[in-house]
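Working notes, structure below.
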Amino acid sequence: MKTRTLDEFYQAVATSGQRNAEAFLPPGISKEIGHFNVFRIHEVFQTFRETGQVAMPYNRRSYYKISFIQGHNRAEYADKTIEIESSALLFATPKIPYHWLPQNLEQAGYFCVFTEEFLLATQGGVVLDELPIFQAGAYPVFQLSEEESVQIELIFKKMHQELASDYLYKYDLIRAYLLELIHRGQKLQPLTVGRHTSTARTSSLFMELLERQFPIESPHQPLTLRTAKDFADRLSIHVNSLNRALKTTTGKTTTDLISQRLIQEAKRLLKQTDWNISEIAYSLGFEEVAHFSNFFRKQTSWSPVSFRK
């Protein structure tokens, strides 16, 4: 899968309607305050239906998303499935892969997308990854009662209306509405999670998490997921379950697949950048150059220096 950035998201939404992607951008938004936008689900759902993409898979999204869903849907995580029969509130983070699968064509509600910068504390907001609802291991899909649905829908309507207004401080007000949504979600009880292990889905989501870390663009930002346990924790499954799924679908262990991808990236960095060996080792998550050199030699029979020549 290729990365879906915000730009690509807008392009995908605009494609079937043959409109310019910029037409969907909120007025007055600037990079200095991050990004925020809100949509009606039935409008976007119709767009994706017309392009033949009914399912909306996790796709290395570089933004956060909160959805007020009205309709029969299914949310699939690595080895867990959550059935949404009517109204629900779903929180999505770039760090936790999932699939959202509409089960019929009767879809309504709203969703909003925003970047981490939009809610930074310096903007009067919060640090998203410090909130329980966006922690790895959570399954933030919440069933809503009729009364809760009315309240949640009202918040989205306010954000939708405010976004189109000329009020000078509208993004401050929208930020307050967004924080209200987050806190309401943290007060709700999660839906019952059914465990329906799918080796293919687990394998697919693992590969997605692995690939989203590449290509490495800076020697000063090392990989955050390096071991089988790192990936298992992010997918909220036991490391043995992850190994079994990958062995079944690929014939390789989790460690083998991680090592294979690290070597592929190491070769690229050695041939295509002028970073020194120490910088490359650090960017790939090795604390010591010697550890990286030994790893590279074991996998390729070459030293990093010899391979670069």
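Each chain in the structure tokens gets a letter, A, B, ..., in the order shown, and its residues are numbered from 1; ligands are numbered from 1 in order too.
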
May I have all residues of stretch 26-251 of chain A that DSSP, computed from the backbone, assigns to strand (DSSP E), given as a PyMOL selection string?
chain A and resi 36-40+56-57+64-70+73-76+80-84+87-92+99-102+108-114+141-143+194-195

Please return, as number ranges by chain, all residues of stretch 123-262 of chain A that DSSP assigns to helix (DSSP H, G or I) on the basis of the backbone.
A: 123, 128-130, 132-134, 146-163, 170-187, 199-211, 228-235, 239-250, 254-262

Which one is closest to A:Gly285: A:Pro94, A:Gly71, A:Pro219, A:Gly251? Count only C-alpha atoms.
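Under the stated criterion, the closest residue is A:Pro219.
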
Write out as a PyMOL selection string which residues come within 9 Å of A:Thr227 when counting only C-alpha atoms, dropping same-chain ones fewer than 6 positions away.
chain A and resi 254-255+258

Nearest residue to A:Gly109 from the set A:Lys267, A:Lys95, A:Lys80, A:Lys157 (distances using only C-alpha atoms):
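Using only C-alpha atoms, the shortest distance to A:Gly109 belongs to A:Lys157.
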
Using only C-alpha atoms, find each residue of stretch 73-114 of chain A with at least one atom at most 8 Å away from an atom of stretch 130-154 of chain A; report its shortest atom-to-atom pair and that distance in Å (one decimal), sort the rows by chain and rising residue number, and return the result as JSON lines.
{"residue": "A:Ile82", "atom": "CA", "partner": "A:Val141", "partner_atom": "CA", "distance": 7.7}
{"residue": "A:Ile84", "atom": "CA", "partner": "A:Gln143", "partner_atom": "CA", "distance": 7.4}
{"residue": "A:Ser87", "atom": "CA", "partner": "A:Leu144", "partner_atom": "CA", "distance": 5.5}
{"residue": "A:Ala88", "atom": "CA", "partner": "A:Gln143", "partner_atom": "CA", "distance": 4.5}
{"residue": "A:Leu89", "atom": "CA", "partner": "A:Phe142", "partner_atom": "CA", "distance": 5.1}
{"residue": "A:Leu90", "atom": "CA", "partner": "A:Val141", "partner_atom": "CA", "distance": 4.5}
{"residue": "A:Phe91", "atom": "CA", "partner": "A:Pro140", "partner_atom": "CA", "distance": 5.5}
{"residue": "A:Ala92", "atom": "CA", "partner": "A:Phe134", "partner_atom": "CA", "distance": 7.6}
{"residue": "A:Thr93", "atom": "CA", "partner": "A:Phe134", "partner_atom": "CA", "distance": 6.3}
{"residue": "A:Lys95", "atom": "CA", "partner": "A:Ala136", "partner_atom": "CA", "distance": 7.1}
{"residue": "A:Ile96", "atom": "CA", "partner": "A:Ala136", "partner_atom": "CA", "distance": 6.4}
{"residue": "A:Gly109", "atom": "CA", "partner": "A:Glu153", "partner_atom": "CA", "distance": 7.3}
{"residue": "A:Tyr110", "atom": "CA", "partner": "A:Glu153", "partner_atom": "CA", "distance": 7.6}

Distance query A:Val305 at most 12 Å, only C-alpha atoms, self and fewer than 6 positions along chain excluded, as an NGL selection string:
:A and (266-267 or 269-271 or 275-278 or 280 or 289 or 292-294 or 296-297)

Could you pull the residues within 12 Å of A:Gln161, counting only C-alpha atoms, minus those fewer than 2 positions along the same chain, as a list in words?
Pro26, Asn37, Val38, Phe39, Arg40, Leu154, Ile155, Phe156, Lys157, Lys158, Met159, Leu163, Ala164, Ser165, Asp166, Tyr167, Lys170, Tyr171, Leu173, Ile174 and Tyr177 of chain A

Restricted to N, CA, C and O atoms, what would the selected residues look like written as a tab-separated table (two decimals), in the first residue's frame?
chain	number	residue	atom	x	y	z
A	26	PRO	N	-10.67	23.42	3.92
A	26	PRO	CA	-11.38	24.42	4.72
A	26	PRO	C	-10.82	25.80	4.49
A	26	PRO	O	-9.60	25.97	4.35
A	37	ASN	N	-10.59	19.29	9.22
A	37	ASN	CA	-11.72	19.36	8.31
A	37	ASN	C	-12.79	18.38	8.77
A	37	ASN	O	-12.49	17.43	9.50
A	38	VAL	N	-14.02	18.60	8.36
A	38	VAL	CA	-15.13	17.75	8.75
A	38	VAL	C	-15.99	17.47	7.53
A	38	VAL	O	-16.16	18.34	6.67
A	39	PHE	N	-16.53	16.24	7.45
A	39	PHE	CA	-17.29	15.80	6.28
A	39	PHE	C	-18.57	15.08	6.71
A	39	PHE	O	-18.63	14.51	7.80
A	40	ARG	N	-19.55	15.08	5.82
A	40	ARG	CA	-20.72	14.23	5.98
A	40	ARG	C	-20.41	12.87	5.38
A	40	ARG	O	-19.97	12.77	4.24
A	154	LEU	N	-24.81	16.79	17.25
A	154	LEU	CA	-24.87	18.24	17.42
A	154	LEU	C	-23.47	18.86	17.41
A	154	LEU	O	-23.26	19.92	16.81
A	155	ILE	N	-22.52	18.18	18.06
A	155	ILE	CA	-21.14	18.69	18.07
A	155	ILE	C	-20.58	18.74	16.66
A	155	ILE	O	-19.95	19.72	16.24
A	156	PHE	N	-20.81	17.66	15.90
A	156	PHE	CA	-20.31	17.64	14.52
A	156	PHE	C	-20.97	18.71	13.67
A	156	PHE	O	-20.33	19.34	12.83
A	157	LYS	N	-22.27	18.92	13.88
A	157	LYS	CA	-22.97	19.95	13.12
A	157	LYS	C	-22.41	21.33	13.44
A	157	LYS	O	-22.23	22.17	12.54
A	158	LYS	N	-22.08	21.56	14.70
A	158	LYS	CA	-21.48	22.84	15.09
A	158	LYS	C	-20.13	23.04	14.41
A	158	LYS	O	-19.82	24.13	13.93
A	159	MET	N	-19.32	21.97	14.37
A	159	MET	CA	-18.02	22.08	13.73
A	159	MET	C	-18.19	22.34	12.23
A	159	MET	O	-17.47	23.16	11.64
A	163	LEU	N	-16.94	25.83	10.53
A	163	LEU	CA	-15.88	25.78	9.53
A	163	LEU	C	-16.19	26.69	8.34
A	163	LEU	O	-15.28	27.24	7.72
A	164	ALA	N	-17.47	26.83	8.04
A	164	ALA	CA	-17.89	27.67	6.90
A	164	ALA	C	-18.13	29.12	7.30
A	164	ALA	O	-18.44	29.95	6.44
A	165	SER	N	-17.97	29.44	8.58
A	165	SER	CA	-18.26	30.80	9.04
A	165	SER	C	-17.10	31.74	8.80
A	165	SER	O	-15.99	31.32	8.46
A	166	ASP	N	-17.34	33.03	9.02
A	166	ASP	CA	-16.31	34.04	8.87
A	166	ASP	C	-15.73	34.49	10.22
A	166	ASP	O	-14.99	35.47	10.30
A	167	TYR	N	-16.09	33.78	11.28
A	167	TYR	CA	-15.65	34.15	12.62
A	167	TYR	C	-14.13	34.07	12.71
A	167	TYR	O	-13.52	33.06	12.35
A	170	LYS	N	-12.64	31.06	14.69
A	170	LYS	CA	-13.43	29.83	14.52
A	170	LYS	C	-12.61	28.57	14.82
A	170	LYS	O	-13.16	27.59	15.33
A	171	TYR	N	-11.31	28.58	14.52
A	171	TYR	CA	-10.53	27.37	14.77
A	171	TYR	C	-10.30	27.14	16.26
A	171	TYR	O	-10.15	26.00	16.71
A	173	LEU	N	-12.63	27.80	18.44
A	173	LEU	CA	-13.91	27.24	18.84
A	173	LEU	C	-14.02	25.78	18.38
A	173	LEU	O	-14.48	24.90	19.13
A	174	ILE	N	-13.58	25.50	17.16
A	174	ILE	CA	-13.61	24.13	16.65
A	174	ILE	C	-12.72	23.23	17.49
A	174	ILE	O	-13.07	22.07	17.78
A	177	TYR	N	-14.65	22.15	20.44
A	177	TYR	CA	-15.62	21.10	20.09
A	177	TYR	C	-14.91	19.75	19.92
A	177	TYR	O	-15.42	18.71	20.36

Find the residues around A:Glu265 up to 12 Å (only C-alpha atoms counted), leave out those fewer than 3 positions away in its own chain, and share them as number ranges by chain.
A: 210-211, 213-217, 223, 258-262, 268-273, 280-281, 283-285, 296

Prev. selection, C-alpha atoms, output as a CSV table (one decimal), in the first residue's frame:
chain,number,residue,atom,x,y,z
A,210,LEU,CA,6.6,-2.4,8.9
A,211,GLU,CA,6.4,-0.5,5.7
A,213,GLN,CA,8.5,3.3,8.7
A,214,PHE,CA,10.2,3.5,5.4
A,215,PRO,CA,11.9,5.1,3.6
A,216,ILE,CA,14.0,6.6,6.3
A,217,GLU,CA,14.5,10.3,5.6
A,223,LEU,CA,12.8,3.4,13.9
A,258,ILE,CA,12.0,-7.4,10.1
A,259,SER,CA,15.6,-8.2,9.3
A,260,GLN,CA,14.8,-8.6,5.6
A,261,ARG,CA,13.3,-5.1,5.5
A,262,LEU,CA,16.1,-3.6,7.6
A,268,ARG,CA,19.5,1.8,0.0
A,269,LEU,CA,21.0,4.2,2.6
A,270,LEU,CA,24.6,2.9,1.9
A,271,LYS,CA,24.3,3.4,-1.8
A,272,GLN,CA,22.0,6.5,-2.1
A,273,THR,CA,23.0,8.7,0.8
A,280,ILE,CA,22.8,4.8,9.2
A,281,ALA,CA,23.1,2.4,12.1
A,283,SER,CA,18.5,5.5,12.0
A,284,LEU,CA,17.9,1.7,11.7
A,285,GLY,CA,17.6,1.4,15.5
A,296,PHE,CA,24.7,-6.5,8.0

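Minimum atom-to-atom distances from A:Leu101, A:Ile41, A:Phe286, A:Ala245 to A:Pro222 were compared using only C-alpha atoms, and the lowest value belongs to A:Phe286.
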
Atomic distance atom CA of A:Thr115 - atom CA of A:Ile182, expressed in Å with one decimal:
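These atoms are spaced 14.1 Å apart.
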
Hey, which of A:Arg74, A:Arg308, A:His35, A:His42 ends up closest to A:Phe118? Count only C-alpha atoms.
A:His35

Just give me the gap between atom CA of A:Ser241 and atom CA of A:Ser198 in Å, one decimal is fine.
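Here the two named atoms are 10.4 Å from each other.
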
Residues within 12 Å of A:Leu257, only C-alpha atoms, excluding chain neighbours under 6 positions, as a list in words
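Near neighbours after the sequence-gap exclusion: Ser203, Phe206, Met207, Leu209, Leu210, Glu211, Arg226, Thr227, Ala228, Phe231, Leu242, Asn243, Leu246, Lys247, Thr249, Thr250, Gly251, Ile263 and Gln264 of chain A.
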
Go ahead and dump the residues you just picked, N, CA and C atoms, as an mmCIF file, in the first residue's frame.
data_model
loop_
_atom_site.group_PDB
_atom_site.id
_atom_site.type_symbol
_atom_site.label_atom_id
_atom_site.label_comp_id
_atom_site.auth_asym_id
_atom_site.auth_seq_id
_atom_site.Cartn_x
_atom_site.Cartn_y
_atom_site.Cartn_z
ATOM 1 N N SER A 203 -1.323 -10.630 9.203
ATOM 2 C CA SER A 203 -0.133 -10.504 8.373
ATOM 3 C C SER A 203 -0.149 -9.199 7.584
ATOM 4 N N PHE A 206 0.529 -6.284 9.916
ATOM 5 C CA PHE A 206 1.941 -6.264 10.306
ATOM 6 C C PHE A 206 2.788 -5.648 9.197
ATOM 7 N N MET A 207 2.566 -6.085 7.963
ATOM 8 C CA MET A 207 3.341 -5.571 6.845
ATOM 9 C C MET A 207 3.115 -4.069 6.668
ATOM 10 N N LEU A 209 2.393 -1.914 9.119
ATOM 11 C CA LEU A 209 3.156 -1.251 10.179
ATOM 12 C C LEU A 209 4.645 -1.239 9.852
ATOM 13 N N LEU A 210 5.135 -2.350 9.297
ATOM 14 C CA LEU A 210 6.551 -2.435 8.948
ATOM 15 C C LEU A 210 6.899 -1.421 7.857
ATOM 16 N N GLU A 211 6.088 -1.393 6.808
ATOM 17 C CA GLU A 211 6.397 -0.538 5.659
ATOM 18 C C GLU A 211 6.220 0.953 5.950
ATOM 19 N N ARG A 226 11.121 -2.156 16.240
ATOM 20 C CA ARG A 226 12.325 -2.891 15.820
ATOM 21 C C ARG A 226 12.252 -4.382 16.095
ATOM 22 N N THR A 227 11.457 -4.785 17.067
ATOM 23 C CA THR A 227 11.428 -6.187 17.458
ATOM 24 C C THR A 227 10.042 -6.778 17.246
ATOM 25 N N ALA A 228 9.982 -8.104 17.291
ATOM 26 C CA ALA A 228 8.695 -8.802 17.157
ATOM 27 C C ALA A 228 7.733 -8.345 18.246
ATOM 28 N N PHE A 231 6.067 -4.948 17.483
ATOM 29 C CA PHE A 231 4.952 -5.041 16.546
ATOM 30 C C PHE A 231 3.740 -5.719 17.183
ATOM 31 N N LEU A 242 1.387 -13.535 16.569
ATOM 32 C CA LEU A 242 1.905 -12.824 15.407
ATOM 33 C C LEU A 242 2.844 -13.720 14.613
ATOM 34 N N ASN A 243 3.717 -14.435 15.311
ATOM 35 C CA ASN A 243 4.645 -15.335 14.630
ATOM 36 C C ASN A 243 3.911 -16.432 13.867
ATOM 37 N N LEU A 246 2.283 -14.964 10.665
ATOM 38 C CA LEU A 246 3.248 -14.657 9.613
ATOM 39 C C LEU A 246 3.875 -15.920 9.039
ATOM 40 N N LYS A 247 4.104 -16.913 9.890
ATOM 41 C CA LYS A 247 4.666 -18.174 9.414
ATOM 42 C C LYS A 247 3.695 -18.860 8.459
ATOM 43 N N THR A 249 1.297 -17.361 6.600
ATOM 44 C CA THR A 249 1.044 -16.605 5.364
ATOM 45 C C THR A 249 2.293 -16.336 4.541
ATOM 46 N N THR A 250 3.464 -16.263 5.188
ATOM 47 C CA THR A 250 4.681 -15.924 4.451
ATOM 48 C C THR A 250 5.758 -17.001 4.508
ATOM 49 N N GLY A 251 5.632 -17.919 5.472
ATOM 50 C CA GLY A 251 6.666 -18.931 5.644
ATOM 51 C C GLY A 251 7.870 -18.427 6.399
ATOM 52 N N ILE A 263 17.595 -4.813 6.107
ATOM 53 C CA ILE A 263 18.707 -4.952 5.165
ATOM 54 C C ILE A 263 18.405 -4.223 3.862
ATOM 55 N N GLN A 264 17.197 -4.334 3.397
ATOM 56 C CA GLN A 264 16.802 -3.639 2.172
ATOM 57 C C GLN A 264 17.006 -2.135 2.313
#
